Amino acid sequence: MIISLNWLKTYVSVETDPENLAERMTMTGLEVEALYDRLAYLKSVVVGRLTQITPHPNADKLKICRVDIGNKTIPVVCGAPNVQVGAKFPCALAGTCLPGGITVEPAVIRGTASEGMLCSERELGLGKDSAGLMALDDDLEAGLSLALALGLSDMVFEIGLTPNRPDCLSFIGIAREVAALTGSRLTLPALEMPLNSGAIDEMAAVDIKAPELCPRYATRLLTQIKVAPSPFWLQDRLISIGLKPINNIVDITNFVMMETGQPLHAFDFDRLSGHRIVVRTAGGNESFTTLDGKTHHLNEETLMICDAEKPVAVAGVMGGENSEIADSTRHVLIESAYFDPVSIRKTAKRLGINTDASHRFERGVDPEGTIYALERAARLMADVCGGTLIKGLIDAYPNPVEIHPIELDPDRANKHLGTDLSASEMQALLESVDFTVTQTETGRLSVLAPSFRVDVSRPEDLMEEIARLWGYNRIVTTFPKTRVQTRLPNRARIVKESIKDIMCGFGFNEAINYSFTARAACDRLALPQDDEKRRLLDILNPLTEEQAVMRTSLVPGLLETLQRNLAHQIKDLKLFETGKIFLSNGQEHLPEETETLAALWSGNRKPAGWHTQAEPCDFYDLKGVAESLIESLNVAAPVFIPLPADRAAYMRAGCSAAIQLNETEIGVIGEINPTVLNNFDLKQTAFVLELNLHRLMPMIPDVPEFSPIPKFPGVSRDITLIVDGAVAAGDILRCINDSNEPLLENVSIFDLYSGPPIAEGKKSISFRLMYRSSAETLADETINRIHDNLTAHLIHTFNASLPA
């Protein structure tokens with residue numbers, strides 16, 4: 001809502017400065033979003049005194065004026081007829097932006113320099129006279145700003161209103177609030193109606209056929225009016241709030257709407273068939289052309305204003321072309337009505353029309369304010385348009401709106417608000433904004449809300465009124481007295497956050513994808529038909545086909561993320577995501593939800609530099625991540641079991657494995673199958689890891705176990721075995737660890753070789769074993785005996801041999 005301070009002052013005295021008023025209004029819930037002087041451009045328009053006038057050498061109708069602007073004299077080329085030496089006129093200096101969109105700049109006019117512009121009233125937006133320059137009093141000082149010289153200023157408030165305050169969508173509504181804030185008196189325009197003739201009941205009629213959608217409809221009639229441009233004061237009022245003047249009839253309806261908050265509409269009475277108004281809903285397949293020239297197809301819920309034969313307006317939204325005010329209009333019927341807010345909002349949204357009228361009707365106007373606005377508009381039209389006001393009015397009000405009292409308990413209000421106001425203080429605050437308040441014998445307040453406060457219907461609404469009028473900033477901040485109870489944090493959440501931190505520490509970036517995916521995701525992963533991840537749960541109202549089912553794997557989301565990054569030439573990616581997957585138990589039952597971790601590595605192991613070359617990542621890089629993650633969670637080392645081809649699914653057979661802990665499978669790891677890469681339009685290989693966190697979490701100890709730092713040195717021994725090529729190195733490692741040798745601290749693989757001179761089908765694997773005692777320094781004899789026994793056990797178990 002845009003409010004002009006000069007216009008506002010016609011209803012309420014404002015003694016405080018605009019900045020202070022804006023702050024006080026904001027603190028009562030009327031947020032002032034902007035404050036500016038709409039006449040600020042007059043600060044660069046100064047009083048100019050003409051010291052010399054000479055004819056223009058290249059133009060008969062132009063003159064070259066020397067203008068004293070206080071600190072210097074400038075040349076100005078002017079064609080006005082009333083220039084004379086010694087006279088004073090407004091002079092706009094270079095850089096001034098005038099209301100008509102003209103920016104004054106130094107120019108050369110017909111070969112003569114001109115450094116300013118002498119202005120008329122119209123050019124300055126201060127009047128309608130454009131025949132000559134605006135004459136100024138002789139006692140004004142040359143060079144003085146016109147804004148100071150004439151005391152011209154009009155501060156404009158841009159107020160951001162909440163939808164529940166339609167009463168403030170008018171100058172009178174804002175003036176009422178300002179009066180309550182400042183203790184001033186609200187003054188409404190007087191309604192002294194001129195002498196009238198005739199009887200409206202004999203000339204027009206109103207028939208409401210949809211009273212539930214139009215509880216009240218009132219009209220007045222003027223004859224012999226003259227449509228013309230509005231007087232300057234009326235145009236200036238509309239311009240001050242950003243409205244464009246059209247003609248005197250339309251301008252008055254807009255003026256009164258902004259003044260009272262009641263939308264009005266003026267019909268050309270001669271174009272109304274039967275001189276009747278019929279308020280009804282639209283018929284089937286009915287269409288209507290509105291004032292903006294657009295044709296709209298109506299449904300049976302659309303409320304229409306009609307004459308005896310046809311629709312003439314969409315009720316509360318916009319009038320029609322077939323009854324608009326034209327220059328030839330001589331008789332005008334004024335409409336002032338109250339429409340159902342829900343009906344108007346539905347119609348405006350359905351037709352895609354948003355007008356100042358619909359904006360107010362859909363929020364709720366004052367049902368008791370229709371007559372005041374109607375009389376105000378009729379009086380202004382009679383004065384401005386020179387017409388004859390027909391005696392009487394038609395007020396069709398079949399179902400008057402009833403206002404019920406609201407009972408307010410002052411003690412309860414103070415408790416809710418944190419205030420200590422007496423019942424009398426609350427009564428005074430409410431009465432300052434026109435509430436009718438009486439105190440009952442029990443000390444409570446019986447309150448009747450004014451009809452324009454359609455948002456007040458319960459005690460809590462009254463408490464809000466008291467709080468904002470008292471001042472939110474005056475309410476002391478207090479804190480409720482509560483018992484503080486603590487509980488142990490959720491273990492699953494802690495573990496999940498720890499896993500995220502560890503993965504970030506490994507250089508991975510977290511991805512967050514939707515829990516919805518495309519139905520084709522399983523096909524793109526090449527999952528077997530009997531795979532449990534094909535247990536899809538349909539979404540009843542999917543946003544798109546790409547989000548039609550709940551996801552059963554995190555891998556498709558990561559692959560799609562990889563594809564988007566590759567499209568932007570980001571080829572080195574380390575991503576992970578934690579989240580739930582959903583396996584359907586039928587559409588009528590809740591799905592099985594499993595917390596899962598998925599990780600993806602694609603591109604180079606590390607960026608190329610001057611001292612390193614780019615090397616692509618491989619299976620063992622991601623395997624190392626899985627091992628380090630599980631180790632960081634203080635869980636025993638995992639076992640990697642190669643996946644058979646029928647279980648590899650979206651992974652490449654021979655380069656994929658199941659991950660086991662304590663003989664329980666907790667996940668899979670491997671290289672993406674080339675077919676799946678093609679399905680996701682990926683041009684480079686990728687490696688993925690999936691862990692079932694529901695299975696992993698119970699294996700994570702609540703309290704980590706620590707062992708003291710060894711006091712005695714360790715001794716390392718190596719074993720090199722020649723085994724069949726089909727023997728897995730991991731099996732040998734497990735055999736060594738399962739020996740349960742107490743002095744064996746660690747074992748690792750440090751070499752793998754196949755080829756001459758080793759026989760075909762064989763390979764050489766070298767292990768390094770670390771022995772240590774926590775009680776003594778180990779002797780070589782002891783180490784050798786244990787090491788020889790372990791070597792013999794491995795040779796027997798794996799049919800191995802030692803190198804020659």
# chains A, B, ... in the order shown; residues from 1 in each chain; ligands from 1
>>> residues_around(residues="Gly70 in chain A", least_positions_apart="6", cutoff="12 Å", atoms="only C-alpha atoms", output="list in words")
Val46, Val47, Gly48, Arg49, Leu50, Thr51, Lys88, Cys91, Leu140, Glu141, Ala142, Gly143, Leu144 and Ser145 of chain A
>>> write_last_selection(atoms="C-alpha atoms", output="short mmCIF file (atom, residue, chain, number, x, y, z; two decimals), in the first residue's frame")
data_model
loop_
_atom_site.label_atom_id
_atom_site.label_comp_id
_atom_site.auth_asym_id
_atom_site.auth_seq_id
_atom_site.Cartn_x
_atom_site.Cartn_y
_atom_site.Cartn_z
CA VAL A 46 15.85 26.57 -8.48
CA VAL A 47 14.41 30.06 -8.57
CA GLY A 48 15.78 31.70 -11.71
CA ARG A 49 15.77 35.45 -12.40
CA LEU A 50 15.94 36.56 -16.04
CA THR A 51 18.64 39.20 -16.50
CA LYS A 88 11.42 34.87 -11.78
CA CYS A 91 14.78 26.70 -13.68
CA LEU A 140 11.97 34.77 -3.64
CA GLU A 141 15.77 34.59 -3.63
CA ALA A 142 17.40 33.62 -6.93
CA GLY A 143 19.14 30.25 -6.72
CA LEU A 144 16.95 28.98 -3.88
CA SER A 145 15.65 25.43 -4.31
#
>>> residues_around(residues="range 672-684 of chain A", least_positions_apart="4", cutoff="10 Å", atoms="only C-alpha atoms", output="list in words")
Ala521, Asp523, Arg524, Leu525, Ala526, Leu527, Pro556, Leu559, Glu560, Leu562, Gln563, Arg564, Leu566, Ala567, Lys571, Leu600, Ser602, Gly603, Ala648, Ala649, Tyr650, Met651, Arg652, Ala653, Cys655, Ser656 and Val688 of chain A
>>> atom_distance(atom1="CA of Glu431 in chain A", atom2="CA of Ile475 in chain A")
20.3 Å
>>> atom_distance(atom1="CA of Gly127 in chain A", atom2="CA of Ile69 in chain A")
22.9 Å
>>> residues_around(residues="Arg122 in chain A", least_positions_apart="3", cutoff="10 Å", atoms="only C-alpha atoms", output="JSON, numbers by chain")
{"A": [99, 100, 119, 125, 126, 127, 128, 129, 130, 131, 132, 133, 134, 232]}
>>> atom_distance(atom1="CA of Arg216 in chain A", atom2="CA of Pro341 in chain A")
12.8 Å
>>> select_by_dssp(residues="range 548-646 of chain A", states="strand (DSSP E or B)", output="VMD selection string")
chain A and resid 549 to 550 573 to 583 592 to 602 604 616 639 to 642
>>> write_last_selection(atoms="N, CA and C atoms", output="tab-separated table (two decimals), in the first residue's frame")
chain	number	residue	atom	x	y	z
A	549	VAL	N	9.04	-43.45	-8.32
A	549	VAL	CA	9.10	-44.52	-7.31
A	549	VAL	C	10.13	-44.14	-6.25
A	550	MET	N	10.03	-44.80	-5.10
A	550	MET	CA	11.02	-44.62	-4.05
A	550	MET	C	12.28	-45.38	-4.45
A	573	LEU	N	36.25	-37.28	-9.71
A	573	LEU	CA	35.20	-37.17	-8.70
A	573	LEU	C	35.32	-38.24	-7.64
A	574	LYS	N	35.13	-37.81	-6.40
A	574	LYS	CA	35.04	-38.73	-5.27
A	574	LYS	C	33.78	-38.32	-4.50
A	575	LEU	N	32.71	-39.09	-4.63
A	575	LEU	CA	31.41	-38.75	-4.06
A	575	LEU	C	30.95	-39.82	-3.08
A	576	PHE	N	30.15	-39.40	-2.11
A	576	PHE	CA	29.47	-40.38	-1.25
A	576	PHE	C	28.12	-39.82	-0.85
A	577	GLU	N	27.23	-40.71	-0.47
A	577	GLU	CA	25.90	-40.33	0.00
A	577	GLU	C	25.44	-41.32	1.04
A	578	THR	N	24.83	-40.81	2.10
A	578	THR	CA	24.18	-41.67	3.09
A	578	THR	C	22.71	-41.38	3.06
A	579	GLY	N	21.90	-42.40	3.18
A	579	GLY	CA	20.45	-42.21	3.16
A	579	GLY	C	19.75	-43.55	3.15
A	580	LYS	N	18.44	-43.48	3.17
A	580	LYS	CA	17.64	-44.69	3.23
A	580	LYS	C	17.26	-45.15	1.83
A	581	ILE	N	17.19	-46.47	1.67
A	581	ILE	CA	16.57	-47.05	0.49
A	581	ILE	C	15.28	-47.72	0.94
A	582	PHE	N	14.35	-47.89	0.02
A	582	PHE	CA	13.00	-48.33	0.37
A	582	PHE	C	12.62	-49.54	-0.47
A	583	LEU	N	12.43	-50.68	0.19
A	583	LEU	CA	12.03	-51.92	-0.48
A	583	LEU	C	10.56	-52.17	-0.18
A	592	GLU	N	10.23	-51.48	3.63
A	592	GLU	CA	11.40	-51.81	4.44
A	592	GLU	C	12.46	-50.74	4.17
A	593	GLU	N	12.83	-50.01	5.20
A	593	GLU	CA	13.77	-48.90	5.05
A	593	GLU	C	15.13	-49.31	5.58
A	594	THR	N	16.16	-49.13	4.78
A	594	THR	CA	17.52	-49.55	5.14
A	594	THR	C	18.47	-48.37	4.98
A	595	GLU	N	19.17	-48.03	6.06
A	595	GLU	CA	20.18	-46.97	6.01
A	595	GLU	C	21.39	-47.49	5.27
A	596	THR	N	21.85	-46.71	4.28
A	596	THR	CA	22.88	-47.19	3.37
A	596	THR	C	23.92	-46.11	3.14
A	597	LEU	N	25.14	-46.55	2.88
A	597	LEU	CA	26.22	-45.66	2.43
A	597	LEU	C	26.63	-46.10	1.04
A	598	ALA	N	26.74	-45.17	0.12
A	598	ALA	CA	27.26	-45.45	-1.22
A	598	ALA	C	28.36	-44.45	-1.51
A	599	ALA	N	29.43	-44.94	-2.15
A	599	ALA	CA	30.56	-44.08	-2.52
A	599	ALA	C	30.93	-44.37	-3.96
A	600	LEU	N	31.43	-43.34	-4.66
A	600	LEU	CA	31.83	-43.47	-6.07
A	600	LEU	C	33.16	-42.77	-6.26
A	601	TRP	N	34.06	-43.41	-7.02
A	601	TRP	CA	35.37	-42.83	-7.34
A	601	TRP	C	35.56	-43.00	-8.84
A	602	SER	N	35.85	-41.88	-9.52
A	602	SER	CA	36.06	-41.92	-10.96
A	602	SER	C	37.12	-40.89	-11.33
A	604	ASN	N	41.09	-39.64	-12.07
A	604	ASN	CA	42.46	-39.86	-11.62
A	604	ASN	C	42.53	-40.02	-10.11
A	616	PRO	N	45.05	-43.15	-13.27
A	616	PRO	CA	43.63	-43.41	-13.01
A	616	PRO	C	43.44	-44.24	-11.75
A	639	VAL	N	36.44	-58.80	5.23
A	639	VAL	CA	36.86	-59.83	4.29
A	639	VAL	C	36.20	-59.54	2.95
A	640	PHE	N	36.97	-59.58	1.87
A	640	PHE	CA	36.46	-59.30	0.53
A	640	PHE	C	36.37	-60.62	-0.23
A	641	ILE	N	35.15	-60.99	-0.62
A	641	ILE	CA	34.90	-62.25	-1.33
A	641	ILE	C	34.51	-61.91	-2.77
A	642	PRO	N	35.26	-62.42	-3.76
A	642	PRO	CA	34.90	-62.12	-5.15
A	642	PRO	C	33.46	-62.50	-5.45
>>> residues_around(residues="Gly586 in chain A", least_positions_apart="5", cutoff="12 Å", atoms="only C-alpha atoms", output="PDB file with all heavy atoms, in the first residue's frame")
ATOM      1  N   ARG A 535      11.902 -54.370  -5.867  1.00  0.00           N
ATOM      2  CA  ARG A 535      10.683 -54.215  -5.072  1.00  0.00           C
ATOM      3  C   ARG A 535      10.360 -52.713  -4.978  1.00  0.00           C
ATOM      4  O   ARG A 535      10.687 -52.052  -4.004  1.00  0.00           O
ATOM      5  CB  ARG A 535      10.859 -54.830  -3.694  1.00  0.00           C
ATOM      6  CG  ARG A 535      10.956 -56.348  -3.709  1.00  0.00           C
ATOM      7  CD  ARG A 535      11.565 -56.909  -2.435  1.00  0.00           C
ATOM      8  NE  ARG A 535      10.931 -56.378  -1.241  1.00  0.00           N
ATOM      9  CZ  ARG A 535      11.410 -56.587  -0.002  1.00  0.00           C
ATOM     10  NH1 ARG A 535      12.510 -57.307   0.163  1.00  0.00           N
ATOM     11  NH2 ARG A 535      10.792 -56.066   1.036  1.00  0.00           N
ATOM     12  N   LEU A 536       9.766 -52.191  -6.021  1.00  0.00           N
ATOM     13  CA  LEU A 536       9.554 -50.751  -6.139  1.00  0.00           C
ATOM     14  C   LEU A 536       8.254 -50.322  -5.469  1.00  0.00           C
ATOM     15  O   LEU A 536       7.226 -50.992  -5.594  1.00  0.00           O
ATOM     16  CB  LEU A 536       9.527 -50.344  -7.615  1.00  0.00           C
ATOM     17  CG  LEU A 536      10.789 -50.675  -8.420  1.00  0.00           C
ATOM     18  CD1 LEU A 536      10.596 -50.266  -9.879  1.00  0.00           C
ATOM     19  CD2 LEU A 536      12.006 -49.979  -7.838  1.00  0.00           C
ATOM     20  N   LEU A 537       8.317 -49.188  -4.799  1.00  0.00           N
ATOM     21  CA  LEU A 537       7.146 -48.600  -4.153  1.00  0.00           C
ATOM     22  C   LEU A 537       6.746 -47.361  -4.947  1.00  0.00           C
ATOM     23  O   LEU A 537       7.493 -46.389  -5.049  1.00  0.00           O
ATOM     24  CB  LEU A 537       7.468 -48.208  -2.707  1.00  0.00           C
ATOM     25  CG  LEU A 537       6.320 -47.592  -1.904  1.00  0.00           C
ATOM     26  CD1 LEU A 537       5.205 -48.603  -1.698  1.00  0.00           C
ATOM     27  CD2 LEU A 537       6.827 -47.077  -0.559  1.00  0.00           C
ATOM     28  N   ASP A 538       5.530 -47.406  -5.537  1.00  0.00           N
ATOM     29  CA  ASP A 538       5.065 -46.310  -6.378  1.00  0.00           C
ATOM     30  C   ASP A 538       4.698 -45.093  -5.536  1.00  0.00           C
ATOM     31  O   ASP A 538       4.175 -45.212  -4.423  1.00  0.00           O
ATOM     32  CB  ASP A 538       3.843 -46.730  -7.197  1.00  0.00           C
ATOM     33  CG  ASP A 538       4.195 -47.810  -8.216  1.00  0.00           C
ATOM     34  OD1 ASP A 538       5.362 -47.852  -8.633  1.00  0.00           O
ATOM     35  OD2 ASP A 538       3.302 -48.604  -8.577  1.00  0.00           O
ATOM     36  N   PRO A 591       7.133 -49.566   3.610  1.00  0.00           N
ATOM     37  CA  PRO A 591       8.265 -50.269   2.999  1.00  0.00           C
ATOM     38  C   PRO A 591       9.324 -50.628   4.036  1.00  0.00           C
ATOM     39  O   PRO A 591       9.314 -50.126   5.169  1.00  0.00           O
ATOM     40  CB  PRO A 591       8.795 -49.239   1.998  1.00  0.00           C
ATOM     41  CG  PRO A 591       8.464 -47.924   2.628  1.00  0.00           C
ATOM     42  CD  PRO A 591       7.141 -48.126   3.317  1.00  0.00           C
ATOM     43  N   GLU A 592      10.233 -51.484   3.626  1.00  0.00           N
ATOM     44  CA  GLU A 592      11.401 -51.811   4.438  1.00  0.00           C
ATOM     45  C   GLU A 592      12.459 -50.743   4.169  1.00  0.00           C
ATOM     46  O   GLU A 592      12.923 -50.585   3.042  1.00  0.00           O
ATOM     47  CB  GLU A 592      11.919 -53.195   4.057  1.00  0.00           C
ATOM     48  CG  GLU A 592      13.173 -53.628   4.790  1.00  0.00           C
ATOM     49  CD  GLU A 592      13.681 -54.963   4.275  1.00  0.00           C
ATOM     50  OE1 GLU A 592      12.857 -55.782   3.822  1.00  0.00           O
ATOM     51  OE2 GLU A 592      14.917 -55.177   4.304  1.00  0.00           O
TER      52      GLU A 592
END
>>> closest_residue(among="A:Arg412, A:Arg444, A:Arg176, A:Arg185", to="Gln427 in chain A", atoms="only C-alpha atoms")
A:Arg444
>>> closest_residue(among="A:Asn285, A:Asn414, A:Ser343, A:Thr253", to="Glu212 in chain A", atoms="only C-alpha atoms")
A:Ser343
>>> residues_around(residues="Thr478 in chain A", least_positions_apart="6", cutoff="12 Å", atoms="only C-alpha atoms", output="CSV table (one decimal) with C-alpha atoms, in the first residue's frame")
chain,number,residue,atom,x,y,z
A,415,LYS,CA,-0.6,-14.0,30.8
A,416,HIS,CA,-0.4,-14.6,27.1
A,417,LEU,CA,1.2,-11.3,26.2
A,418,GLY,CA,3.6,-10.9,29.1
A,419,THR,CA,2.1,-7.6,30.0
>>> closest_residue(among="A:Arg695, A:Thr685, A:Val715, A:Asn248", to="Thr664 in chain A", atoms="only C-alpha atoms")
A:Arg695
>>> residues_around(residues="Phe506 in chain A", least_positions_apart="4", cutoff="10 Å", atoms="only C-alpha atoms", output="list in words")
Lys500, Asp501, Ile502, Lys574, Val625, Ser628 and Leu629 of chain A
>>> closest_residue(among="A:Gly316, A:Asp383, A:Glu19, A:His296", to="Arg350 in chain A", atoms="only C-alpha atoms")
A:His296
>>> residues_around(residues="Ala313 in chain A", least_positions_apart="2", cutoff="10 Å", atoms="only C-alpha atoms", output="JSON, numbers by chain")
{"A": [265, 267, 279, 288, 289, 290, 291, 303, 304, 305, 306, 307, 310, 311, 315, 316, 317, 318, 319, 320, 321, 322, 323, 324]}
>>> write_last_selection(atoms="C-alpha atoms", output="mmCIF file, in the first residue's frame")
data_model
loop_
_atom_site.group_PDB
_atom_site.id
_atom_site.type_symbol
_atom_site.label_atom_id
_atom_site.label_comp_id
_atom_site.auth_asym_id
_atom_site.auth_seq_id
_atom_site.Cartn_x
_atom_site.Cartn_y
_atom_site.Cartn_z
ATOM 1 C CA HIS A 265 -17.562 0.651 -10.473
ATOM 2 C CA PHE A 267 -21.558 1.889 -15.598
ATOM 3 C CA VAL A 279 -26.351 -10.264 -9.816
ATOM 4 C CA PHE A 288 -17.234 -12.341 -21.470
ATOM 5 C CA THR A 289 -14.896 -9.602 -22.749
ATOM 6 C CA THR A 290 -13.405 -7.451 -19.993
ATOM 7 C CA LEU A 291 -12.153 -3.865 -20.135
ATOM 8 C CA LEU A 303 -20.341 -14.268 -10.079
ATOM 9 C CA MET A 304 -21.437 -11.799 -12.755
ATOM 10 C CA ILE A 305 -23.032 -8.367 -12.793
ATOM 11 C CA CYS A 306 -25.617 -8.321 -15.600
ATOM 12 C CA ASP A 307 -28.268 -6.102 -17.051
ATOM 13 C CA LYS A 310 -26.264 -9.737 -20.800
ATOM 14 C CA PRO A 311 -23.284 -9.699 -18.411
ATOM 15 C CA ALA A 315 -18.228 -9.117 -10.007
ATOM 16 C CA GLY A 316 -15.439 -7.677 -7.877
ATOM 17 C CA VAL A 317 -12.792 -8.171 -10.553
ATOM 18 C CA MET A 318 -13.231 -6.110 -13.725
ATOM 19 C CA GLY A 319 -15.912 -4.416 -15.772
ATOM 20 C CA GLY A 320 -16.804 -5.159 -19.378
ATOM 21 C CA GLU A 321 -16.239 -3.374 -22.652
ATOM 22 C CA ASN A 322 -19.981 -3.268 -23.268
ATOM 23 C CA SER A 323 -20.704 -0.864 -20.394
ATOM 24 C CA GLU A 324 -17.508 1.137 -19.878
#
>>> decode(residues="range 600-625 of chain A", atoms="N, CA and C atoms", output="short mmCIF file (atom, residue, chain, number, x, y, z; two decimals), in the first residue's frame")
data_model
loop_
_atom_site.label_atom_id
_atom_site.label_comp_id
_atom_site.auth_asym_id
_atom_site.auth_seq_id
_atom_site.Cartn_x
_atom_site.Cartn_y
_atom_site.Cartn_z
N LEU A 600 31.43 -43.34 -4.66
CA LEU A 600 31.83 -43.47 -6.07
C LEU A 600 33.16 -42.77 -6.26
N TRP A 601 34.06 -43.41 -7.02
CA TRP A 601 35.37 -42.83 -7.34
C TRP A 601 35.56 -43.00 -8.84
N SER A 602 35.85 -41.88 -9.52
CA SER A 602 36.06 -41.92 -10.96
C SER A 602 37.12 -40.89 -11.33
N GLY A 603 37.87 -41.19 -12.39
CA GLY A 603 38.91 -40.27 -12.83
C GLY A 603 40.25 -40.63 -12.30
N ASN A 604 41.09 -39.64 -12.07
CA ASN A 604 42.46 -39.86 -11.62
C ASN A 604 42.53 -40.02 -10.11
N ARG A 605 43.56 -40.77 -9.70
CA ARG A 605 43.78 -40.98 -8.27
C ARG A 605 44.08 -39.66 -7.58
N LYS A 606 44.90 -38.84 -8.22
CA LYS A 606 45.21 -37.51 -7.71
C LYS A 606 45.56 -36.62 -8.89
N PRO A 607 45.40 -35.33 -8.77
CA PRO A 607 45.66 -34.43 -9.91
C PRO A 607 47.12 -34.50 -10.35
N ALA A 608 47.31 -34.34 -11.66
CA ALA A 608 48.68 -34.32 -12.19
C ALA A 608 49.36 -33.02 -11.79
N GLY A 609 50.66 -33.11 -11.53
CA GLY A 609 51.45 -31.94 -11.17
C GLY A 609 52.81 -32.00 -11.83
N TRP A 610 53.62 -31.01 -11.50
CA TRP A 610 54.95 -30.99 -12.13
C TRP A 610 55.82 -32.16 -11.66
N HIS A 611 55.49 -32.70 -10.48
CA HIS A 611 56.31 -33.78 -9.95
C HIS A 611 55.59 -35.13 -9.99
N THR A 612 54.33 -35.14 -10.43
CA THR A 612 53.59 -36.41 -10.51
C THR A 612 52.82 -36.46 -11.82
N GLN A 613 52.60 -37.66 -12.29
CA GLN A 613 51.79 -37.86 -13.48
C GLN A 613 50.40 -38.35 -13.07
N ALA A 614 49.43 -38.05 -13.92
CA ALA A 614 48.06 -38.48 -13.64
C ALA A 614 47.97 -40.00 -13.74
N GLU A 615 47.38 -40.62 -12.73
CA GLU A 615 47.17 -42.06 -12.73
C GLU A 615 45.71 -42.33 -12.43
N PRO A 616 45.05 -43.15 -13.27
CA PRO A 616 43.63 -43.41 -13.01
C PRO A 616 43.44 -44.24 -11.75
N CYS A 617 42.35 -43.97 -11.05
CA CYS A 617 42.05 -44.76 -9.86
C CYS A 617 41.64 -46.17 -10.29
N ASP A 618 41.68 -47.10 -9.34
CA ASP A 618 41.31 -48.47 -9.66
C ASP A 618 40.54 -49.08 -8.50
N PHE A 619 40.23 -50.35 -8.62
CA PHE A 619 39.46 -51.08 -7.62
C PHE A 619 40.11 -50.99 -6.25
N TYR A 620 41.43 -51.09 -6.20
CA TYR A 620 42.12 -51.16 -4.91
C TYR A 620 42.12 -49.82 -4.19
N ASP A 621 42.00 -48.72 -4.92
CA ASP A 621 41.87 -47.42 -4.25
C ASP A 621 40.59 -47.38 -3.41
N LEU A 622 39.47 -47.77 -4.03
CA LEU A 622 38.21 -47.75 -3.29
C LEU A 622 38.17 -48.84 -2.23
N LYS A 623 38.82 -49.96 -2.50
CA LYS A 623 38.91 -51.03 -1.48
C LYS A 623 39.66 -50.51 -0.25
N GLY A 624 40.71 -49.73 -0.49
CA GLY A 624 41.43 -49.14 0.63
C GLY A 624 40.58 -48.19 1.43
N VAL A 625 39.70 -47.45 0.74
CA VAL A 625 38.79 -46.55 1.44
C VAL A 625 37.84 -47.35 2.34
#
